[in-house]
file upload28.txt (compact mmCIF, C-alpha atoms)
# COMPACT_ATOMS: atom_id res chain seq x y z
CA MET A 45 0.00 0.00 0.00
CA ASN A 46 1.22 3.49 -0.85
CA LEU A 47 -0.26 6.04 1.54
CA ASP A 48 0.07 9.75 0.98
CA ILE A 49 -0.35 10.61 4.66
CA LEU A 50 0.12 8.41 7.74
CA ALA A 51 -0.63 9.66 11.26
CA ILE A 52 1.10 7.64 13.97
CA ALA A 53 -0.61 8.02 17.35
CA ALA A 54 0.00 6.64 20.83
CA HIS A 55 -3.68 5.82 21.46
CA PRO A 56 -6.96 5.57 19.54
CA GLY A 57 -8.54 9.01 19.56
CA ASP A 58 -5.27 10.94 19.58
CA ALA A 59 -5.13 11.37 15.82
CA GLU A 60 -8.79 12.41 15.73
CA ALA A 61 -8.15 15.12 18.33
CA ALA A 62 -4.89 16.44 16.88
CA CYS A 63 -5.28 16.13 13.11
CA GLY A 64 -8.61 14.46 12.34
CA GLY A 65 -9.96 17.41 10.41
CA THR A 66 -6.81 17.62 8.31
CA LEU A 67 -6.96 13.91 7.50
CA MET A 68 -10.57 14.34 6.35
CA ARG A 69 -9.74 17.40 4.28
CA MET A 70 -6.83 15.62 2.59
CA ALA A 71 -8.97 12.55 1.88
CA GLY A 72 -11.53 14.84 0.28
CA GLN A 73 -8.79 16.15 -2.01
CA GLY A 74 -8.02 12.64 -3.21
CA TYR A 75 -5.10 11.71 -0.96
CA ARG A 76 -4.79 8.24 0.59
CA THR A 77 -4.76 8.68 4.36
CA GLY A 78 -4.14 6.28 7.22
CA VAL A 79 -3.69 6.06 10.99
CA LEU A 80 -1.49 3.64 12.92
CA ASP A 81 -2.31 3.58 16.63
CA LEU A 82 0.50 2.10 18.71
CA THR A 83 -1.63 1.00 21.70
CA ALA A 84 -5.30 0.22 22.27
CA GLY A 85 -5.50 2.93 24.96
CA ASP A 86 -7.43 0.58 27.23
CA VAL A 87 -5.54 1.35 30.47
CA ARG A 88 -6.55 5.02 30.49
CA ALA A 89 -10.13 4.62 29.22
CA GLU A 90 -13.30 2.72 30.02
CA GLY A 91 -13.79 -0.58 28.25
CA GLY A 92 -11.36 -3.27 27.15
CA PRO A 93 -9.01 -3.28 24.20
CA GLU A 94 -11.49 -4.87 21.79
CA GLU A 95 -14.03 -2.15 22.56
CA ARG A 96 -11.42 0.53 21.91
CA LEU A 97 -10.37 -1.08 18.64
CA ALA A 98 -14.00 -1.24 17.50
CA ALA A 99 -14.42 2.46 18.33
CA ALA A 100 -11.27 3.24 16.33
CA GLN A 101 -12.67 1.50 13.26
CA ALA A 102 -15.96 3.38 13.62
CA ALA A 103 -14.01 6.64 13.82
CA ALA A 104 -11.94 5.62 10.77
CA GLY A 105 -15.08 5.61 8.65
CA ARG A 106 -15.95 9.13 9.77
CA LEU A 107 -12.41 10.28 9.02
CA LYS A 108 -12.62 8.73 5.52
CA LEU A 109 -9.39 6.84 6.11
CA GLU A 110 -8.06 4.49 3.49
CA TRP A 111 -6.35 2.38 6.16
CA ARG A 112 -6.15 1.97 9.93
CA ASP A 113 -4.44 -0.52 12.21
CA ASN A 114 -3.20 -0.95 15.77
CA GLN A 115 0.20 -2.28 16.85
CA ARG A 116 -1.18 -3.49 20.22
CA MET A 117 1.82 -2.21 22.14
CA PRO A 118 1.24 -1.91 25.92
CA ASP A 119 -0.81 1.15 26.89
CA GLY A 120 0.84 3.21 29.62
CA ARG A 121 4.11 1.36 29.09
CA LEU A 122 5.08 2.40 25.58
CA GLU A 123 8.88 2.39 25.22
CA ASN A 124 11.29 3.54 22.56
CA SER A 125 12.96 0.14 22.42
CA LEU A 126 14.94 -1.42 19.58
CA ALA A 127 12.16 -3.95 18.98
CA ALA A 128 9.51 -1.20 18.81
CA ARG A 129 11.63 0.91 16.45
CA MET A 130 12.27 -2.00 14.11
CA THR A 131 8.60 -3.03 14.10
CA LEU A 132 7.48 0.49 13.27
CA ALA A 133 10.19 0.95 10.63
CA VAL A 134 8.99 -2.17 8.81
CA ARG A 135 5.39 -0.91 8.87
CA ILE A 136 6.55 2.38 7.34
CA ARG A 137 8.38 0.47 4.61
CA GLU A 138 5.19 -1.49 3.90
CA LEU A 139 2.88 1.56 3.84
CA LYS A 140 5.30 3.93 2.07
CA PRO A 141 3.74 7.20 3.31
CA ARG A 142 4.87 10.43 1.68
CA VAL A 143 4.06 12.42 4.83
CA VAL A 144 4.06 11.18 8.44
CA ILE A 145 2.24 13.06 11.21
CA LEU A 146 3.48 12.56 14.79
CA PRO A 147 2.46 14.05 18.15
CA ASP A 148 4.49 17.11 19.05
CA GLY A 149 5.65 15.57 22.34
CA ALA A 150 4.52 18.51 24.50
CA ALA A 151 2.02 16.39 26.45
CA GLU A 152 2.76 15.10 29.94
CA ASP A 153 1.73 11.61 28.85
CA PRO A 154 4.96 9.61 28.38
CA ASP A 155 3.27 7.40 25.77
CA GLU A 156 2.89 10.42 23.48
CA VAL A 157 6.49 11.50 24.08
CA HIS A 158 7.74 8.01 23.23
CA CYS A 159 5.43 7.85 20.20
CA ARG A 160 7.12 10.97 18.82
CA GLU A 161 10.58 9.55 19.43
CA LEU A 162 9.65 6.16 18.00
CA GLY A 163 8.12 7.71 14.90
CA MET A 164 11.09 9.94 14.15
CA GLU A 165 13.66 7.17 14.58
CA ALA A 166 11.56 4.61 12.69
CA CYS A 167 11.21 6.99 9.73
CA PHE A 168 14.98 7.25 9.56
CA LEU A 169 15.57 3.51 9.93
CA ALA A 170 12.96 2.73 7.28
CA GLY A 171 15.14 4.44 4.69
CA LEU A 172 18.19 2.24 5.32
CA ALA A 173 18.64 -0.20 2.46
CA LYS A 174 20.18 -2.93 4.62
CA LEU A 175 17.79 -2.66 7.56
CA GLU A 176 16.19 -6.01 6.67
CA GLU A 177 15.87 -8.06 3.53
CA TYR A 178 12.12 -8.58 3.25
CA SER A 179 10.98 -5.05 2.43
CA GLU A 180 12.18 -2.18 0.29
CA PRO A 181 13.63 0.94 1.91
CA HIS A 182 11.36 3.97 2.16
CA ARG A 183 11.81 7.26 3.98
CA PRO A 184 8.89 9.71 4.18
CA LYS A 185 9.45 13.00 2.39
CA ARG A 186 8.26 15.02 5.38
CA ILE A 187 7.46 14.63 9.08
CA LEU A 188 4.88 16.97 10.61
CA PHE A 189 4.05 17.37 14.29
CA ALA A 190 0.45 17.89 15.39
CA SER A 191 -0.42 19.51 18.71
CA PHE A 192 -3.31 19.33 21.20
CA PHE A 193 -2.38 22.61 22.83
CA GLY A 194 -2.90 26.34 22.44
CA ASP A 195 0.58 27.56 23.36
CA VAL A 196 2.29 25.94 20.37
CA ARG A 197 3.81 28.26 17.76
CA PRO A 198 2.72 26.49 14.55
CA SER A 199 4.59 26.49 11.28
CA PHE A 200 1.18 26.50 9.59
CA VAL A 201 -2.51 25.97 10.37
CA VAL A 202 -4.99 23.94 8.28
CA ASP A 203 -8.53 25.30 7.91
CA ILE A 204 -10.85 22.49 9.07
CA SER A 205 -14.05 24.51 9.31
CA ALA A 206 -15.86 22.23 6.84
CA GLN A 207 -14.59 19.09 8.59
CA PHE A 208 -15.04 20.09 12.22
CA ALA A 209 -18.51 18.60 12.78
CA ALA A 210 -17.40 15.24 11.39
CA ARG A 211 -14.28 15.37 13.58
CA VAL A 212 -16.52 15.78 16.62
CA GLU A 213 -18.57 12.73 15.59
CA ALA A 214 -15.35 10.72 15.19
CA LEU A 215 -14.35 11.66 18.74
CA ARG A 216 -17.79 10.69 20.02
CA SER A 217 -17.03 7.15 18.83
CA TYR A 218 -14.80 6.91 21.93
CA GLY A 219 -17.38 8.35 24.30
CA PHE A 220 -16.02 11.90 24.32
CA GLU A 221 -18.58 14.35 25.67
CA GLY A 222 -18.82 18.07 26.26
CA GLY A 223 -17.38 19.87 29.27
CA ALA A 224 -14.25 21.82 30.06
CA GLY A 225 -12.09 18.71 29.81
CA GLY A 226 -13.67 17.21 26.69
CA LEU A 227 -15.16 18.40 23.44
CA GLU A 228 -15.65 21.98 24.64
CA ARG A 229 -11.90 22.33 25.27
CA MET A 230 -11.09 20.84 21.86
CA GLU A 231 -13.54 23.19 20.16
CA ALA A 232 -12.01 26.17 21.95
CA LEU A 233 -8.54 25.17 20.77
CA ALA A 234 -9.75 24.65 17.20
CA ARG A 235 -11.40 28.09 17.28
CA PHE A 236 -8.21 29.67 18.64
CA HIS A 237 -5.99 28.16 15.95
CA GLY A 238 -8.59 28.92 13.28
CA SER A 239 -8.61 32.57 14.35
CA ARG A 240 -4.91 32.74 13.51
CA ILE A 241 -5.70 32.25 9.84
CA GLY A 242 -9.10 33.92 9.68
CA ALA A 243 -11.02 30.62 9.75
CA ARG A 244 -13.68 29.27 12.09
CA TYR A 245 -11.66 26.17 13.06
CA GLY A 246 -8.06 25.18 12.50
CA GLU A 247 -5.47 22.51 13.33
CA PRO A 248 -1.84 23.57 13.99
CA PHE A 249 1.26 21.80 12.70
CA VAL A 250 4.96 22.22 13.35
CA MET A 251 7.69 21.26 10.90
CA LYS A 252 11.43 21.27 11.45
CA GLU A 253 12.35 22.21 7.90
CA VAL A 254 12.19 25.77 6.60
CA PRO A 255 9.94 25.78 3.52
CA ALA A 256 11.04 27.50 0.35
CA VAL A 257 8.73 30.34 -0.78
CA PRO A 258 8.97 31.13 -4.51
CA ASP A 259 6.31 33.87 -4.44
CA ILE A 260 5.88 36.02 -1.31
CA VAL A 261 2.68 37.56 -2.68
CA ARG A 262 0.92 34.18 -2.89
CA ILE A 263 2.05 32.71 0.43
call {"tool": "encode", "arguments": {"input": "upload28.txt", "output": "structure tokens"}}
result
Amino acid sequence: MNLDILAIAAHPGDAEAACGGTLMRMAGQGYRTGVLDLTAGDVRAEGGPEERLAAAQAAAGRLKLEWRDNQRMPDGRLENSLAARMTLAVRIRELKPRVVILPDGAAEDPDEVHCRELGMEACFLAGLAKLEEYSEPHRPKRILFASFFGDVRPSFVVDISAQFAARVEALRSYGFEGGAGGLERMEALARFHGSRIGARYGEPFVMKEVPAVPDIVRI
């Protein structure tokens, strides 16, 4: 499978909250999108792992994903180990994404910090020709970092105004409800980032590279 965009998340629901609108918008423009959740997220949420996986597949339909899977790594105990890096690198070689989206690592949750580290190192390893003999080398063209927070200084913001309602429904697949700690907070953040670009709702991204700008009038 050749994906255009692959979001790698620590838990089901993370990709929906951080970049779900962007994934929907890109799918609507004809790009092949996917999400790889590293854990089932069952330690931190109600319900067992099978219930969480079923919710993730329901959300995948709302996000219009071409592909979704779960590595079933241990929730709450995710580690940047050699075995985990190699496993993820092989998946990247199989999926061949052009762009990989990772969490920005600013969260207090160590799983999300390790997910960022794992993703970055696996993307590098995946491009090594002699890593292993059963798959072809592939290194994503770009790595982007998606954030849950309002204090991030984004490299750019994607207008998700048309996708926001569907993003909310995807999050409801996991039992997310309103309130200061739930959907209301996420809506406030999306409104804040949207206001930065003159849109109703937005999702922020950080990139390490400095983009070339051939025309400063049409930025």
call {"tool": "residues_near_point", "arguments": {"input": "upload28.txt", "point": "(-4.6, 4.4, 18.0)", "cutoff": "7 Å", "atoms": "all atoms listed in the file", "output": "compact mmCIF listing (two decimals) with C-alpha atoms, in the coordinates of the input"}}
result
# COMPACT_ATOMS: atom_id res chain seq x y z
CA ALA A 53 -0.61 8.02 17.35
CA ALA A 54 0.00 6.64 20.83
CA HIS A 55 -3.68 5.82 21.46
CA PRO A 56 -6.96 5.57 19.54
CA GLY A 57 -8.54 9.01 19.56
CA ASP A 58 -5.27 10.94 19.58
CA LEU A 80 -1.49 3.64 12.92
CA ASP A 81 -2.31 3.58 16.63
CA LEU A 82 0.50 2.10 18.71
CA THR A 83 -1.63 1.00 21.70
CA ALA A 84 -5.30 0.22 22.27
CA ALA A 100 -11.27 3.24 16.33
CA ASN A 114 -3.20 -0.95 15.77
call {"tool": "residues_around", "arguments": {"input": "upload28.txt", "residues": "Leu47 of chain A", "least_positions_apart": "6", "cutoff": "12 Å", "atoms": "only C-alpha atoms", "output": "list of chain:residue names"}}
result
A:Leu67, A:Met70, A:Ala71, A:Gly74, A:Tyr75, A:Arg76, A:Thr77, A:Gly78, A:Val79, A:Leu80, A:Leu109, A:Glu110, A:Trp111, A:Arg112, A:Arg135, A:Ile136, A:Arg137, A:Glu138, A:Leu139, A:Lys140, A:Pro141, A:Arg142, A:Val143, A:Val144, A:His182, A:Pro184, A:Lys185
call {"tool": "closest_residue", "arguments": {"input": "upload28.txt", "among": "A:Ala104, A:Glu228, A:Ala243, A:Met251", "to": "Ala206 of chain A", "atoms": "all atoms listed in the file"}}
result
A:Ala243
call {"tool": "residues_near_point", "arguments": {"input": "upload28.txt", "point": "(-17.6, 7.0, 8.8)", "cutoff": "12 Å", "atoms": "only C-alpha atoms", "output": "VMD selection string"}}
result
chain A and resid 68 99 to 110 210 to 217
call {"tool": "atom_distance", "arguments": {"input": "upload28.txt", "atom1": "atom CA of Gly226 of chain A", "atom2": "atom CA of Asp119 of chain A"}}
result
20.6 Å
call {"tool": "closest_residue", "arguments": {"input": "upload28.txt", "among": "A:Glu176, A:Glu247, A:Glu253, A:Asp86", "to": "Gln207 of chain A", "atoms": "all atoms listed in the file"}}
result
A:Glu247
call {"tool": "residues_around", "arguments": {"input": "upload28.txt", "residues": "Thr131 of chain A", "least_positions_apart": "3", "cutoff": "12 Å", "atoms": "only C-alpha atoms", "output": "ChimeraX atom specification"}}
result
/A:82,115-117,124-128,134-138,162-163,165-167,169-170,175-176
call {"tool": "closest_residue", "arguments": {"input": "upload28.txt", "among": "A:Phe200, A:Phe208, A:Tyr218, A:Phe193", "to": "Gly91 of chain A", "atoms": "all atoms listed in the file"}}
result
A:Tyr218
call {"tool": "closest_residue", "arguments": {"input": "upload28.txt", "among": "A:Arg121, A:Ile49, A:Tyr245, A:Asp153", "to": "Met230 of chain A", "atoms": "only C-alpha atoms"}}
result
A:Tyr245
call {"tool": "residues_around", "arguments": {"input": "upload28.txt", "residues": "Ser191 of chain A", "least_positions_apart": "5", "cutoff": "8 Å", "atoms": "all atoms listed in the file", "output": "number ranges by chain"}}
result
A: 62, 147-148, 150, 196, 247-249
call {"tool": "atom_distance", "arguments": {"input": "upload28.txt", "atom1": "atom CA of Phe168 of chain A", "atom2": "atom CA of Gly65 of chain A"}}
result
26.9 Å
call {"tool": "closest_residue", "arguments": {"input": "upload28.txt", "among": "A:Cys159, A:Val261, A:Cys63, A:Leu132", "to": "Asp203 of chain A", "atoms": "all atoms listed in the file"}}
result
A:Cys63
call {"tool": "residues_around", "arguments": {"input": "upload28.txt", "residues": "Gly242 of chain A", "least_positions_apart": "3", "cutoff": "12 Å", "atoms": "only C-alpha atoms", "output": "count of residues only"}}
result
13
call {"tool": "closest_residue", "arguments": {"input": "upload28.txt", "among": "A:Arg88, A:Glu180, A:Phe220, A:Ser199", "to": "Val250 of chain A", "atoms": "all atoms listed in the file"}}
result
A:Ser199
call {"tool": "atom_distance", "arguments": {"input": "upload28.txt", "atom1": "atom CA of Gly64 of chain A", "atom2": "atom CA of Ala190 of chain A"}}
result
10.2 Å
